[in-house]
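This report concerns only the one structure given below.
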Amino acid sequence: MADVITTIGTTGRNYSTVTAWYAATYGGATSADVGIGECYADSDFTGDNGLLMSSSTPQAARLRAATGQEHDGTANTGVRFYGDADSSNYFWDINATNTPIYVEDMEFDGADRDFDVMWENDEEMGVFRCLGHDFTSDSRIQAMQMDGGSGDECYMMDCIVYDMQGATEAAGLADIAALSAPVWMVNNTMWNLEHTGGSAGVWLNFIASQTGRVCYNNICMNSDGANYANTAAVTGTNNMASDTTAPGAGSLQSQVAANQFISTTDGSENLKLKAGANAIGAGADVTTTYTPAEIDILKRDRDAEGDTWCMGAHQYIAVAAGGVSYVVGGGIFVT
Amino acid sequence: MAEIMLKIGDEAGFLDGDPIHAFNDRKILWTNANVICHHRRAGFNQHGLRPLASAAEEYAKLTSEYRFERVSTKEILRTRMATNEQDVFSDVPRIVDGRSQHIFVQEYVDYATKRATHRIFGLPGAEVWYGGSIRIDVGKVDQMWQMIETKTPKRKADHKLWPAGGLDLQHHFMFHVEDFDDAAADSLTEPEFGPVTKIRNGIPKTKRMAVKQRKNNSRWEESLGMSGPTVDDIKNKNKRVDRKPEIVHTLNKVFPAWRM
């Protein structure tokens, strides 16, 4: 198995859009390969409306931000998909129908337009360290949908999702397939979920009777339905809720967003942990079982650094105030 | 000058002649403006922040819902630029627009400026940034280019081609068409949807899902009337086929079955 790595961006890259990369079979990957698309933040990705990834050719596909092109956990700081269409089509229908697909370090900005992203179908799907926000749908909306045939495995880890509104259904995870394959929701941060019709929005909605559902170290707050639902058979601990539905031992209930996050100001959200947040050091170390949960949204390796795990996508480390230093143009710029 | 990116050969669920992309003038000019004005290319002032009144700041102003300005150690002023409506936020939560909002501004700025890719403009203690998404219409794109032509040597007339990648031009075929609006772009490239039935908890459930990558298809070998690259050149995936801006096709001829 070989990695076939091609670049995607609008400044002298191999492909200018993810759809163009996918349409060339993940950049020319054969059935023995892993097709890897490395995205660059040359400009916003506005051309991928209606992206539907479902080819069966490669062993697996990875779509990721190239090194140095990752977001910093806040909007418009790295590789960004930007909603730019009014069609009723799904926007970014990343569908692991026939090939396992992993999406890493990308931002998906629905721009308050009809939006759908990160679907799971018949193969393994992993969404790691992604940022998703401002999704508004005239029908259902979810960051991840467990919706497959017989072989589903669905992993969402160290992601931040906020400001989602669906008209008929709203969920961070819509777990609608009664299958025994794993669904791992680990170290995600989710805030502000609303619905305008149908059932109230639930961040993590599991199937009560189904085993194989894992829920560790998540922060789910401010949904207009329950933060977590149908968790009777869930394996997991150390979750946080703004209501009283966080499952497992070590969970923190009835928490307040202003005591956890740096900013919930609309347009300037930063859901990294603030100094003194209750979530700091309150997570469970699950490295050995649920990798790559140990890599936080800023790509800090909690395990290698010997950190006491926090809840949520962000591993809190105090940031020195005042002054910044960057390597700029080959020299070191310091203030 | 609008462009179509066409699939050559059957692959990845696409059929030969499927429109992978339909880029209209608005999208092409916007993307080129975005490349030129990207905050990562704006450089820094002596404080390590992005310079005010730069092309990057003007672009952010044109493409964002809000302007944020730090007005004290703990407060920011948020201006909704379309209406000039203003609100002050701090670490004390306020209910605005029906939701509780707060910001720890020093932590916000410290985290943001930790990376050299940040998008914080202005001066320490009076930092400025932009956020919130808006729709980018033709009028906005015109404003972008007026600004770019004022602030930089870049000219709109030189940025009317989609910034295609090298393999885009080898693996797919790009050609020019008369401009079209966003509804036409969406319609041209929409997948074909159909009812799909799956068994859920032992019960068959049917929902509308994409069943085919594209509803529309072009019999390009006949309809394009090649003058320039040959059909063999276009089918050769090891050969780059450059665009011919002087040849402008008509959408209805390329996609005769296409209807809005």
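Ordering of the structure tokens sets the chain letters (A, B, ...); residue numbers start at 1 within each chain; ligands are numbered from 1 in the order shown.
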
Give one line per residue of range 2-43 of chain A that approaches range 237-241 of chain B to at most 12 Å, naming the two atoms of the closest pair and their distance in Å to one decimal, counting only C-alpha atoms; sort by chain then ascending residue number and deliver it as a Markdown table.
```
| residue | atom | partner | partner_atom | distance |
| --- | --- | --- | --- | --- |
| A:Asn14 | CA | B:Arg240 | CA | 11.8 |
| A:Ala24 | CA | B:Lys237 | CA | 10.0 |
| A:Gly27 | CA | B:Lys237 | CA | 11.9 |
| A:Gly28 | CA | B:Lys237 | CA | 10.5 |
```

Inset, instruction - Give me every strand (DSSP E or B) residue in range 5-221 of chain B, going by DSSP on the backbone, as a PyMOL selection string. - result: chain B and resi 5-7+11+14+19-23+50+64-70+76-80+85-89+94-96+99-101+103+121-123+126-133+172-177+192-200+203-212

Which range 46-93 of chain B residues have any atom within 10 Å of an atom of range 101-117 of chain B, and for each, what is the nearest pair of atoms with distance in Å to one decimal, counting only C-alpha atoms, rows sorted by chain and number, as a tab-separated table?
```
residue	atom	partner	partner_atom	distance
B:Gly48	CA	B:Thr113	CA	8.2
B:Leu49	CA	B:Thr113	CA	7.7
B:Arg50	CA	B:Thr117	CA	9.9
B:Arg70	CA	B:Val105	CA	7.7
B:Val71	CA	B:Val105	CA	10.0
B:Ser72	CA	B:Val105	CA	9.1
B:Thr73	CA	B:Gln106	CA	7.1
B:Lys74	CA	B:Val105	CA	5.8
B:Glu75	CA	B:Val105	CA	6.7
B:Ile76	CA	B:Val105	CA	7.2
B:Val88	CA	B:His102	CA	9.5
B:Phe89	CA	B:His102	CA	5.8
B:Ser90	CA	B:Ile103	CA	5.1
B:Asp91	CA	B:Ile103	CA	5.0
B:Val92	CA	B:His102	CA	6.0
B:Pro93	CA	B:His102	CA	4.5
```

Inset, instruction - Excluding Ile219 in chain A and residues on its chain fewer than 4 positions from it, collect all residues at most 12 Å away from it, counting only C-alpha atoms, and give them as a PyMOL selection string. - result: chain A and resi 157-162+172+185-192+203-204+215+223+227-228+237-243+245-247+251-257+260-261+271-273+277-280+282-283+310-314

Store the residues of this selection in a file with N, CA and C atoms, as a compact mmCIF listing (two decimals), in the first residue's frame.
```txt
# COMPACT_ATOMS: atom_id res chain seq x y z
N MET A 157 -13.36 12.88 16.68
CA MET A 157 -12.51 13.16 17.83
C MET A 157 -11.89 14.55 17.74
N ASP A 158 -11.84 15.23 18.86
CA ASP A 158 -11.16 16.52 18.98
C ASP A 158 -11.69 17.56 18.01
N CYS A 159 -12.97 17.52 17.74
CA CYS A 159 -13.60 18.49 16.85
C CYS A 159 -14.35 19.55 17.66
N ILE A 160 -14.47 20.73 17.08
CA ILE A 160 -15.29 21.80 17.65
C ILE A 160 -16.42 22.09 16.68
N VAL A 161 -17.63 22.07 17.18
CA VAL A 161 -18.80 22.35 16.34
C VAL A 161 -19.69 23.34 17.09
N TYR A 162 -20.15 24.38 16.39
CA TYR A 162 -21.04 25.34 17.06
C TYR A 162 -21.97 26.01 16.06
N GLY A 172 -25.54 16.80 16.58
CA GLY A 172 -24.11 16.68 16.32
C GLY A 172 -23.83 15.30 15.77
N MET A 185 -17.23 8.88 19.91
CA MET A 185 -17.29 10.34 20.03
C MET A 185 -16.41 10.70 21.22
N VAL A 186 -15.24 11.21 20.95
CA VAL A 186 -14.26 11.42 22.02
C VAL A 186 -13.66 12.83 21.92
N ASN A 187 -13.67 13.53 23.04
CA ASN A 187 -13.03 14.84 23.15
C ASN A 187 -13.53 15.87 22.13
N ASN A 188 -14.82 15.91 21.94
CA ASN A 188 -15.38 16.95 21.07
C ASN A 188 -15.99 18.07 21.92
N THR A 189 -16.02 19.26 21.35
CA THR A 189 -16.66 20.40 21.99
C THR A 189 -17.80 20.88 21.09
N MET A 190 -19.00 20.96 21.64
CA MET A 190 -20.16 21.33 20.84
C MET A 190 -20.99 22.34 21.60
N TRP A 191 -21.37 23.41 20.90
CA TRP A 191 -22.07 24.50 21.58
C TRP A 191 -23.09 25.15 20.64
N ASN A 192 -24.25 25.38 21.16
CA ASN A 192 -25.34 26.11 20.49
C ASN A 192 -25.94 25.35 19.30
N TRP A 203 -27.31 17.13 20.85
CA TRP A 203 -25.93 17.07 20.35
C TRP A 203 -25.51 15.64 20.04
N LEU A 204 -25.55 14.78 21.03
CA LEU A 204 -25.11 13.40 20.79
C LEU A 204 -26.29 12.47 21.07
N CYS A 215 -18.40 7.34 24.31
CA CYS A 215 -18.61 8.77 24.54
C CYS A 215 -17.76 9.21 25.73
N SER A 223 -27.89 23.04 23.72
CA SER A 223 -28.78 22.54 22.68
C SER A 223 -30.22 22.78 23.15
N ASN A 227 -28.62 17.65 25.80
CA ASN A 227 -27.25 17.66 25.28
C ASN A 227 -26.86 16.25 24.79
N TYR A 228 -27.25 15.25 25.56
CA TYR A 228 -26.99 13.84 25.22
C TYR A 228 -28.32 13.09 25.34
N THR A 237 -17.13 8.04 30.01
CA THR A 237 -17.11 8.80 31.25
C THR A 237 -16.66 10.22 30.95
N ASN A 238 -16.66 11.04 31.95
CA ASN A 238 -16.01 12.36 31.94
C ASN A 238 -16.53 13.28 30.83
N ASN A 239 -17.82 13.34 30.70
CA ASN A 239 -18.43 14.28 29.75
C ASN A 239 -18.99 15.49 30.49
N MET A 240 -19.23 16.55 29.76
CA MET A 240 -19.78 17.77 30.36
C MET A 240 -21.07 18.16 29.65
N ALA A 241 -22.00 18.68 30.41
CA ALA A 241 -23.27 19.13 29.84
C ALA A 241 -23.69 20.44 30.50
N SER A 242 -24.50 21.20 29.77
CA SER A 242 -25.13 22.38 30.39
C SER A 242 -26.47 21.98 31.00
N ASP A 243 -26.94 20.76 30.66
CA ASP A 243 -28.10 20.22 31.36
C ASP A 243 -27.61 19.07 32.26
N THR A 245 -27.55 15.66 31.40
CA THR A 245 -27.60 14.42 30.62
C THR A 245 -26.24 13.82 30.30
N ALA A 246 -25.15 14.41 30.78
CA ALA A 246 -23.83 13.89 30.44
C ALA A 246 -23.65 12.49 31.03
N PRO A 247 -23.33 11.50 30.20
CA PRO A 247 -23.27 10.13 30.70
C PRO A 247 -21.92 9.77 31.34
N SER A 251 -18.51 12.74 35.08
CA SER A 251 -19.12 13.78 34.23
C SER A 251 -19.51 14.99 35.05
N LEU A 252 -19.52 16.14 34.38
CA LEU A 252 -19.90 17.39 35.04
C LEU A 252 -21.20 17.88 34.43
N GLN A 253 -22.21 18.06 35.25
CA GLN A 253 -23.54 18.47 34.79
C GLN A 253 -23.77 19.96 35.08
N SER A 254 -24.73 20.52 34.39
CA SER A 254 -25.24 21.88 34.65
C SER A 254 -24.13 22.93 34.64
N GLN A 255 -23.24 22.80 33.70
CA GLN A 255 -22.15 23.77 33.60
C GLN A 255 -22.56 24.95 32.71
N VAL A 256 -21.80 26.04 32.84
CA VAL A 256 -22.14 27.28 32.14
C VAL A 256 -21.04 27.59 31.13
N ALA A 257 -21.45 27.94 29.91
CA ALA A 257 -20.48 28.18 28.83
C ALA A 257 -19.48 29.28 29.20
N GLN A 260 -16.40 28.13 30.78
CA GLN A 260 -15.55 27.15 30.07
C GLN A 260 -14.77 27.77 28.92
N PHE A 261 -15.46 28.60 28.13
CA PHE A 261 -14.89 28.98 26.83
C PHE A 261 -14.34 30.41 26.82
N LEU A 271 -13.92 28.45 21.27
CA LEU A 271 -14.36 27.47 22.25
C LEU A 271 -13.21 26.68 22.86
N LYS A 272 -12.02 27.25 22.77
CA LYS A 272 -10.93 26.70 23.56
C LYS A 272 -11.20 27.04 25.03
N LEU A 273 -10.54 26.31 25.91
CA LEU A 273 -10.83 26.48 27.33
C LEU A 273 -10.18 27.73 27.88
N ALA A 277 -11.26 27.03 33.68
CA ALA A 277 -12.43 26.27 33.24
C ALA A 277 -12.55 24.96 34.02
N ASN A 278 -13.79 24.57 34.31
CA ASN A 278 -14.02 23.32 35.04
C ASN A 278 -13.54 22.10 34.25
N ALA A 279 -13.49 22.25 32.93
CA ALA A 279 -13.11 21.12 32.07
C ALA A 279 -11.61 20.82 32.11
N ILE A 280 -10.83 21.76 32.63
CA ILE A 280 -9.38 21.57 32.65
C ILE A 280 -9.01 20.42 33.58
N ALA A 282 -10.14 17.55 33.74
CA ALA A 282 -11.29 16.75 34.19
C ALA A 282 -11.63 15.61 33.24
N GLY A 283 -10.77 15.37 32.24
CA GLY A 283 -11.04 14.30 31.29
C GLY A 283 -10.42 12.99 31.72
N CYS A 310 -7.90 17.11 29.52
CA CYS A 310 -9.06 17.99 29.70
C CYS A 310 -10.25 17.38 28.99
N MET A 311 -11.42 17.84 29.33
CA MET A 311 -12.60 17.54 28.52
C MET A 311 -12.57 18.45 27.29
N GLY A 312 -13.20 17.98 26.21
CA GLY A 312 -13.33 18.81 25.02
C GLY A 312 -12.15 18.67 24.07
N ALA A 313 -12.19 19.45 22.99
CA ALA A 313 -11.22 19.33 21.92
C ALA A 313 -9.89 19.98 22.24
N HIS A 314 -9.91 20.89 23.20
CA HIS A 314 -8.72 21.69 23.48
C HIS A 314 -8.06 21.26 24.77
```

Inset, instruction - Find the residues around Arg140 in chain A up to 7 Å (only C-alpha atoms counted), leave out those fewer than 6 positions away in its own chain, and share them as an NGL selection string. - result: :A and (166-170)

Selected residues, N, CA and C atoms, written as a PDB file, in the first residue's frame, please.
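Saved as selection-v3.pdb:
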```pdb
ATOM      1  N   GLY A 166     -31.228  23.397  12.460  1.00  0.00           N
ATOM      2  CA  GLY A 166     -31.927  22.575  11.479  1.00  0.00           C
ATOM      3  C   GLY A 166     -33.429  22.752  11.604  1.00  0.00           C
ATOM      4  N   ALA A 167     -34.119  22.624  10.471  1.00  0.00           N
ATOM      5  CA  ALA A 167     -35.557  22.864  10.477  1.00  0.00           C
ATOM      6  C   ALA A 167     -36.347  21.639  10.918  1.00  0.00           C
ATOM      7  N   THR A 168     -35.882  20.448  10.575  1.00  0.00           N
ATOM      8  CA  THR A 168     -36.669  19.269  10.925  1.00  0.00           C
ATOM      9  C   THR A 168     -35.914  18.311  11.836  1.00  0.00           C
ATOM     10  N   GLU A 169     -34.611  18.442  11.889  1.00  0.00           N
ATOM     11  CA  GLU A 169     -33.820  17.557  12.731  1.00  0.00           C
ATOM     12  C   GLU A 169     -32.484  18.234  12.950  1.00  0.00           C
ATOM     13  N   ALA A 170     -31.963  18.167  14.144  1.00  0.00           N
ATOM     14  CA  ALA A 170     -30.676  18.798  14.404  1.00  0.00           C
ATOM     15  C   ALA A 170     -29.896  17.948  15.387  1.00  0.00           C
TER      16      ALA A 170
END
```

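Our summary of the geometry notes that CA of Ala61 in chain A is positioned 9.5 Å from CA of Tyr22 in chain A.
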
Inset, instruction - Tell me which protein, DNA and RNA residues are within 12 Å of Gln143 in chain B, counting only C-alpha atoms, leaving out same-chain ones fewer than 6 positions away, and put them as a list in words. - result: Arg26, Leu29, Trp30, Ala33, Ala55, Glu58, Tyr59, Lys61, Leu62, Thr63, Ile136, Asp137, Glu149, Thr150 and Lys156 of chain B

Write the residues of the preceding selection, restricted to C-alpha atoms, as a PDB file, in the first residue's frame.
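This went into selection34.pdb:
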```pdb
ATOM      1  CA  ARG B  26     -18.283  36.058  -9.795  1.00  0.00           C
ATOM      2  CA  LEU B  29     -12.928  36.972  -9.638  1.00  0.00           C
ATOM      3  CA  TRP B  30     -13.755  36.402  -5.971  1.00  0.00           C
ATOM      4  CA  ALA B  33      -9.246  38.431  -5.039  1.00  0.00           C
ATOM      5  CA  ALA B  55      -5.690  45.056   1.171  1.00  0.00           C
ATOM      6  CA  GLU B  58     -10.180  45.919   3.379  1.00  0.00           C
ATOM      7  CA  TYR B  59     -10.979  42.452   2.035  1.00  0.00           C
ATOM      8  CA  LYS B  61     -14.148  44.286   5.908  1.00  0.00           C
ATOM      9  CA  LEU B  62     -15.932  43.543   2.639  1.00  0.00           C
ATOM     10  CA  THR B  63     -16.454  39.857   3.306  1.00  0.00           C
ATOM     11  CA  ILE B 136     -20.544  37.372  -1.602  1.00  0.00           C
ATOM     12  CA  ASP B 137     -22.545  38.710  -4.509  1.00  0.00           C
ATOM     13  CA  GLU B 149      -6.783  48.079  -8.099  1.00  0.00           C
ATOM     14  CA  THR B 150      -6.453  51.063  -5.753  1.00  0.00           C
ATOM     15  CA  LYS B 156      -9.004  42.702 -12.624  1.00  0.00           C
TER      16      LYS B 156
END
```

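Checking A:Thr308, A:Ser268, A:Thr287, A:Asn205 one by one against chain B, counting only C-alpha atoms, you find the shortest gap at A:Ser268.
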
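Among A:Gly78, A:Gly225, A:Gly37, A:Gly50, the residue with the shortest atom-to-atom distance to Arg214 in chain B, counting only C-alpha atoms, is A:Gly50.
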
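Remark: for Phe44 in chain B, the closest of the candidate residues B:Met174, B:Leu161, B:Ile28, B:Ile120 is B:Ile120 (distances computed over only C-alpha atoms).
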